[in-house]
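Coordinates from input-v1.cif are shown below (mmCIF, C-alpha atoms).
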```cif
data_upload
#
loop_
_atom_site.label_atom_id
_atom_site.label_comp_id
_atom_site.auth_asym_id
_atom_site.auth_seq_id
_atom_site.Cartn_x
_atom_site.Cartn_y
_atom_site.Cartn_z
CA MET W 192 -46.91 220.46 26.73
CA THR W 193 -47.27 224.05 25.58
CA VAL W 194 -44.07 226.11 25.64
CA PRO W 195 -45.04 229.77 26.08
CA GLN W 196 -43.61 232.25 23.64
CA VAL W 197 -41.55 235.07 25.12
CA ILE W 198 -43.02 238.43 24.11
CA ALA W 199 -40.77 241.43 24.66
CA HIS W 200 -43.13 244.18 25.83
CA ARG W 201 -42.16 247.28 23.81
CA GLY W 202 -38.90 245.44 23.21
CA SER W 203 -36.41 244.72 25.95
CA SER W 204 -37.78 247.78 27.71
CA ALA W 205 -36.45 247.32 31.23
CA ALA W 206 -32.94 248.07 30.00
CA ASN W 207 -33.70 250.33 27.02
CA PRO W 208 -36.10 253.11 26.03
CA ASP W 209 -39.37 251.42 25.11
CA ASN W 210 -40.37 251.11 21.45
CA SER W 211 -36.80 252.01 20.40
CA TRP W 212 -34.40 250.32 18.01
CA ALA W 213 -32.17 249.56 21.00
CA ALA W 214 -35.07 247.82 22.76
CA PHE W 215 -36.01 245.83 19.67
CA GLU W 216 -32.44 244.74 18.87
CA SER W 217 -31.90 243.79 22.52
CA ALA W 218 -35.11 241.72 22.52
CA LEU W 219 -33.75 239.73 19.61
CA ALA W 220 -30.45 239.18 21.44
CA ASP W 221 -32.30 238.25 24.65
CA GLY W 222 -34.06 235.36 22.93
CA ALA W 223 -37.56 236.81 22.58
CA ASP W 224 -39.92 235.02 20.21
CA VAL W 225 -42.12 238.08 19.65
CA ILE W 226 -41.78 241.86 19.99
CA GLU W 227 -44.79 243.86 21.15
CA CYS W 228 -45.05 247.45 19.92
CA ASP W 229 -47.60 250.27 20.02
CA VAL W 230 -48.83 251.97 16.86
CA GLN W 231 -50.78 255.17 16.29
CA SER W 232 -51.31 257.61 13.44
CA THR W 233 -50.15 261.17 12.93
CA ARG W 234 -52.31 263.97 11.57
CA ASP W 235 -50.94 263.32 8.08
CA GLY W 236 -51.72 259.61 8.23
CA VAL W 237 -48.26 258.21 8.97
CA LEU W 238 -48.21 255.27 11.37
CA VAL W 239 -45.61 255.65 14.11
CA ILE W 240 -44.50 253.40 16.94
CA ARG W 241 -45.28 255.19 20.18
CA HIS W 242 -47.10 254.27 23.39
CA ASP W 243 -48.25 257.58 24.87
CA LEU W 244 -51.12 259.27 23.06
CA MET W 245 -49.94 262.73 24.10
CA LEU W 246 -46.83 264.68 23.12
CA TRP W 247 -46.44 267.87 25.07
CA ASP W 248 -50.09 268.85 25.63
CA ARG W 249 -51.37 267.63 22.26
CA LEU W 250 -52.55 264.32 20.88
CA VAL W 251 -50.19 262.53 18.53
CA CYS W 252 -53.03 262.28 16.01
CA ASP W 253 -53.16 266.10 15.91
CA LEU W 254 -49.45 266.43 15.10
CA SER W 255 -47.63 265.85 11.81
CA VAL W 256 -44.94 263.21 11.53
CA ALA W 257 -42.42 266.02 10.98
CA GLN W 258 -43.40 267.60 14.31
CA ILE W 259 -43.09 264.28 16.12
CA LYS W 260 -39.72 263.47 14.55
CA ALA W 261 -38.45 266.95 15.41
CA ALA W 262 -39.46 266.50 19.06
CA GLU W 263 -38.43 262.85 19.31
CA PRO W 264 -35.89 262.00 16.57
CA GLY W 265 -35.80 258.36 17.63
CA THR W 266 -39.46 257.77 16.73
CA ILE W 267 -39.75 254.72 14.49
CA LEU W 268 -42.11 254.63 11.53
CA PHE W 269 -44.26 251.51 11.44
CA GLY W 270 -43.33 250.88 7.82
CA ASP W 271 -39.63 250.87 8.71
CA PHE W 272 -40.31 248.48 11.57
CA LEU W 273 -42.13 246.07 9.25
CA ASP W 274 -39.20 246.23 6.82
CA TRP W 275 -36.83 245.36 9.68
CA ALA W 276 -39.05 242.49 10.80
CA GLN W 277 -38.77 240.88 7.38
CA GLN W 278 -35.04 240.45 7.95
CA VAL W 279 -35.03 238.96 11.45
CA PRO W 280 -36.46 235.72 12.90
CA ILE W 281 -39.04 237.20 15.25
CA GLY W 282 -42.80 237.64 15.48
CA LEU W 283 -44.65 240.89 16.12
CA LEU W 284 -47.59 241.81 18.33
CA VAL W 285 -48.85 245.18 17.09
CA GLU W 286 -51.10 247.00 19.54
CA MET W 287 -53.37 249.62 17.96
CA LYS W 288 -53.46 252.51 20.40
CA ASP W 289 -56.14 254.28 18.37
CA PRO W 290 -59.04 252.23 16.94
CA ASP W 291 -59.21 254.61 13.98
CA THR W 292 -55.98 253.05 12.67
CA ALA W 293 -57.54 249.60 12.17
CA GLN W 294 -57.73 249.69 8.38
CA ALA W 295 -54.33 251.30 7.89
CA VAL W 296 -52.54 248.96 10.30
CA SER W 297 -54.18 245.80 8.99
CA GLY W 298 -53.53 246.83 5.38
CA MET W 299 -49.81 247.25 6.03
CA VAL W 300 -49.64 243.99 7.96
CA ALA W 301 -51.49 242.10 5.22
CA ALA W 302 -49.06 243.46 2.62
CA SER W 303 -45.97 242.50 4.63
CA PRO W 304 -44.02 239.37 3.64
CA ALA W 305 -43.75 238.73 7.40
CA ARG W 306 -47.56 238.79 7.88
CA GLU W 307 -47.74 235.19 9.11
CA ARG W 308 -45.56 236.20 12.07
CA ILE W 309 -47.65 239.26 12.97
CA ILE W 310 -50.68 239.62 15.26
CA VAL W 311 -52.72 242.82 15.49
CA GLY W 312 -54.02 243.48 18.99
CA GLY W 313 -55.96 246.06 20.93
CA PHE W 314 -58.45 246.77 23.68
CA HIS W 315 -61.13 248.00 21.28
CA GLY W 316 -63.14 244.96 20.16
CA PRO W 317 -65.03 246.62 17.27
CA ALA W 318 -61.72 247.78 15.77
CA LEU W 319 -60.47 244.17 15.82
CA ALA W 320 -63.70 243.04 14.19
CA LEU W 321 -63.07 245.63 11.47
CA VAL W 322 -59.57 244.24 10.95
CA LYS W 323 -61.08 240.80 10.33
CA ALA W 324 -63.74 242.26 8.03
CA VAL W 325 -61.23 244.00 5.76
CA GLN W 326 -58.28 241.61 6.16
CA PRO W 327 -59.67 238.22 7.23
CA LEU W 328 -56.26 236.50 7.10
CA VAL W 329 -54.66 238.88 9.61
CA ARG W 330 -54.50 237.32 13.08
CA THR W 331 -56.00 239.38 15.89
CA SER W 332 -55.74 239.48 19.69
CA PHE W 333 -58.31 241.00 22.05
CA MET W 334 -56.66 242.66 25.04
CA VAL W 335 -58.86 242.38 28.12
CA GLY W 336 -58.25 244.55 31.18
CA SER W 337 -61.25 243.46 33.22
CA VAL W 338 -61.24 240.13 35.02
CA MET W 339 -63.83 237.93 33.30
CA ALA W 340 -64.98 234.35 33.49
CA ALA W 341 -63.98 231.89 30.77
CA ASP W 342 -67.43 231.85 29.15
CA GLU W 343 -67.48 235.66 28.99
CA LEU W 344 -64.08 235.70 27.34
CA VAL W 345 -65.21 233.18 24.72
CA ARG W 346 -68.33 235.21 23.96
CA ALA W 347 -66.25 238.34 23.47
CA ALA W 348 -63.81 236.48 21.23
CA VAL W 349 -66.66 235.20 19.06
CA ALA W 350 -68.28 238.64 18.87
CA TYR W 351 -65.05 240.30 17.72
CA ARG W 352 -63.83 237.35 15.60
CA VAL W 353 -60.42 237.25 17.27
CA ASP W 354 -57.84 234.47 17.29
CA ASP W 355 -56.23 235.23 20.64
CA ILE W 356 -57.30 236.43 24.09
CA HIS W 357 -54.68 238.65 25.72
CA LEU W 358 -55.37 238.92 29.44
CA CYS W 359 -54.05 242.20 30.90
CA TRP W 360 -54.71 241.57 34.59
CA GLU W 361 -51.32 242.54 35.98
CA THR W 362 -52.73 245.32 38.22
CA ARG W 363 -55.83 243.50 39.46
CA THR W 364 -54.20 241.82 42.47
CA PRO W 365 -50.71 241.60 44.02
CA ARG W 366 -50.37 238.01 42.80
CA PRO W 367 -52.25 238.05 39.48
CA HIS W 368 -51.37 234.46 38.58
CA ARG W 369 -53.97 233.46 41.18
CA LEU W 370 -56.67 234.84 38.88
CA LEU W 371 -55.92 231.97 36.51
CA ASP W 372 -56.17 228.22 36.68
CA PRO W 373 -55.67 225.35 34.21
CA PRO W 374 -59.43 224.90 33.56
CA LEU W 375 -59.71 228.52 32.34
CA ILE W 376 -56.72 228.05 30.03
CA GLU W 377 -58.09 224.79 28.69
CA HIS W 378 -61.60 226.20 28.19
CA LEU W 379 -60.23 229.00 26.02
CA ARG W 380 -58.02 226.58 24.12
CA ARG W 381 -60.92 224.17 23.48
CA ASN W 382 -62.75 227.07 21.88
CA GLY W 383 -59.91 227.61 19.44
CA LEU W 384 -58.29 230.55 21.17
CA ALA W 385 -54.64 231.19 21.88
CA ILE W 386 -53.91 232.69 25.31
CA THR W 387 -51.46 235.52 25.90
CA LEU W 388 -50.75 236.80 29.42
CA TRP W 389 -49.87 240.26 30.68
CA HIS W 390 -46.41 241.71 31.08
CA GLU W 391 -44.71 240.58 34.28
CA GLU W 392 -41.17 241.06 35.58
CA ARG W 393 -41.15 239.39 39.03
CA GLU W 394 -39.45 236.02 38.74
CA ALA W 395 -41.78 234.20 41.15
CA GLU W 396 -44.80 235.41 39.22
CA LEU W 397 -43.18 234.55 35.90
CA ARG W 398 -42.51 231.01 37.09
CA ALA W 399 -46.15 230.66 38.15
CA LEU W 400 -47.37 231.94 34.79
CA VAL W 401 -45.05 229.65 32.83
CA ALA W 402 -46.32 226.67 34.84
CA LEU W 403 -49.82 227.38 33.53
CA GLU W 404 -48.46 226.86 29.98
CA PRO W 405 -50.30 229.63 28.11
CA ASP W 406 -49.34 230.30 24.51
CA ALA W 407 -47.38 233.47 25.29
CA ILE W 408 -46.34 235.79 28.12
CA CYS W 409 -45.29 239.45 27.87
CA THR W 410 -42.39 240.90 29.82
CA ASN W 411 -40.06 243.89 29.92
CA THR W 412 -37.22 241.46 30.75
CA PRO W 413 -37.26 238.86 27.97
CA ALA W 414 -33.89 237.34 28.91
CA VAL W 415 -35.25 236.44 32.35
CA LEU W 416 -38.44 234.93 30.94
CA ARG W 417 -36.43 233.05 28.29
CA ARG W 418 -34.39 231.38 31.02
CA ILE W 419 -37.51 230.42 33.00
CA VAL W 420 -39.33 229.07 29.94
CA ASP W 421 -36.33 227.02 28.83
CA SER W 422 -35.89 225.60 32.34
CA HIS W 423 -39.58 224.66 32.51
CA ARG W 424 -39.39 222.96 29.13
CA ALA W 425 -36.33 220.95 30.16
CA CYS W 426 -37.95 219.85 33.44
CA ARG W 427 -41.16 218.82 31.69
CA ALA W 428 -39.21 216.86 29.10
CA VAL W 429 -37.37 214.95 31.81
CA ALA W 430 -40.65 214.25 33.63
CA ILE W 431 -42.21 212.90 30.44
CA GLU W 432 -39.22 210.65 29.74
CA THR W 433 -39.29 209.18 33.23
#
```

What does the file become when written as structure tokens?
Amino acid sequence: MTVPQVIAHRGSSAANPDNSWAAFESALADGADVIECDVQSTRDGVLVIRHDLMLWDRLVCDLSVAQIKAAEPGTILFGDFLDWAQQVPIGLLVEMKDPDTAQAVSGMVAASPARERIIVGGFHGPALALVKAVQPLVRTSFMVGSVMAADELVRAAVAYRVDDIHLCWETRTPRPHRLLDPPLIEHLRRNGLAITLWHEEREAELRALVALEPDAICTNTPAVLRRIVDSHRACRAVAIET
């Protein structure tokens, strides 16, 4: 039996501003196993936690950290977030919004005492390959938006040297769990890959995803997913005993 980890997507973001201290603290209280956050770089090379690439009508990478902090005082520096993560019992999934940050992000992760609890993810396969080239001990996750067959996913994972396949198929169909089946999960697992599934908030869909027993599931409502995962684990344990 695989018990999926609960990943709080940008923290407990249904009830709090995403990528905020309130969202991250709430995720911890809600029983999340992992917090997902988004990281990008400012013009002066400071890594900040922020999802949107634009601020006003300009790219974040064209603005200084002082400009961003002046416009959005709650912006969290990635270094401060890593310091916080050392003190709390939670994992991190760090999504690189800009592939140009690969070396900087992986260097900070590799230097963190919490590095064994951190995965670096992204949609840009070559950037993840670069992470492995410069920091081979950093775990990586390839985020895949297109629906692909199991063999295609394995080939991509091998090409980019990743440890985890993160399927981001939440918008591909009204009931995205139907895009998956146990043979696909098992095929990826037999090839040494962990499987993370997209963020989902509908309880019926979450129950269907948990039943597939992937390694992790993202959600904006980690308390809800925690309850569903714990219930599934208890039911499976009873079934095994009987």

As JSON, numbers by chain, please: the residues near Ile431 (chain W) (cut-off 10 Å, all atoms listed in the file, same-chain neighbours under 5 positions excluded).
{"W": [192, 425, 426]}

9 Å contact set for Gly222 (chain W), all atoms listed in the file, chain neighbours under 6 positions out, as a VMD selection string:
chain W and resid 197 413 to 414 417

In Å, how far is it from CA of Ser332 (chain W) to CA of Arg249 (chain W)?
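Answer for the CA of Ser332 (chain W) to CA of Arg249 (chain W) separation: 28.6 Å.
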
Quick one: residues within 12 Å of Arg306 (chain W), only C-alpha atoms, excluding same-chain residues fewer than 3 positions away - as a ChimeraX atom specification?
/W:273-274,276-277,281-285,296-303,309-311,326,328-331

Might you pull out every residue within 12 Å of Ala395 (chain W), with all atoms listed in the file counted and same-chain residues fewer than 3 positions away left off, and present them as a list in words?
Pro365, Arg366, Pro367, His368, Glu391, Glu392, Arg398, Ala399, Leu400, Val401, Ala402, Val415, Leu416 and Ile419 of chain W

Edge lengths and centre, in Å to one decimal, as AutoDock Vina command-line options: that's what I need for the box along x, y and z that holds all listed atoms of region 362-368 of chain W plus 3 Å on each side.
```
--center_x -53.1 --center_y 239.9 --center_z 41.1 --size_x 11.5 --size_y 16.9 --size_z 11.8
```

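Atom pair CA of Asp342 (chain W) / CA of Leu370 (chain W) has a distance of 14.8 Å (rounded to one decimal).
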
Pick from W:Thr412, W:Val251, W:Arg369, W:Gly383: nearest to Ala214 (chain W), with all atoms listed in the file counted?
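Nearest to Ala214 (chain W): W:Thr412.
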
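Residues within 9 Å of Ala340 (chain W), counting only C-alpha atoms and excluding same-chain residues fewer than 4 positions away, are Leu344, Val345 and Leu375 of chain W.
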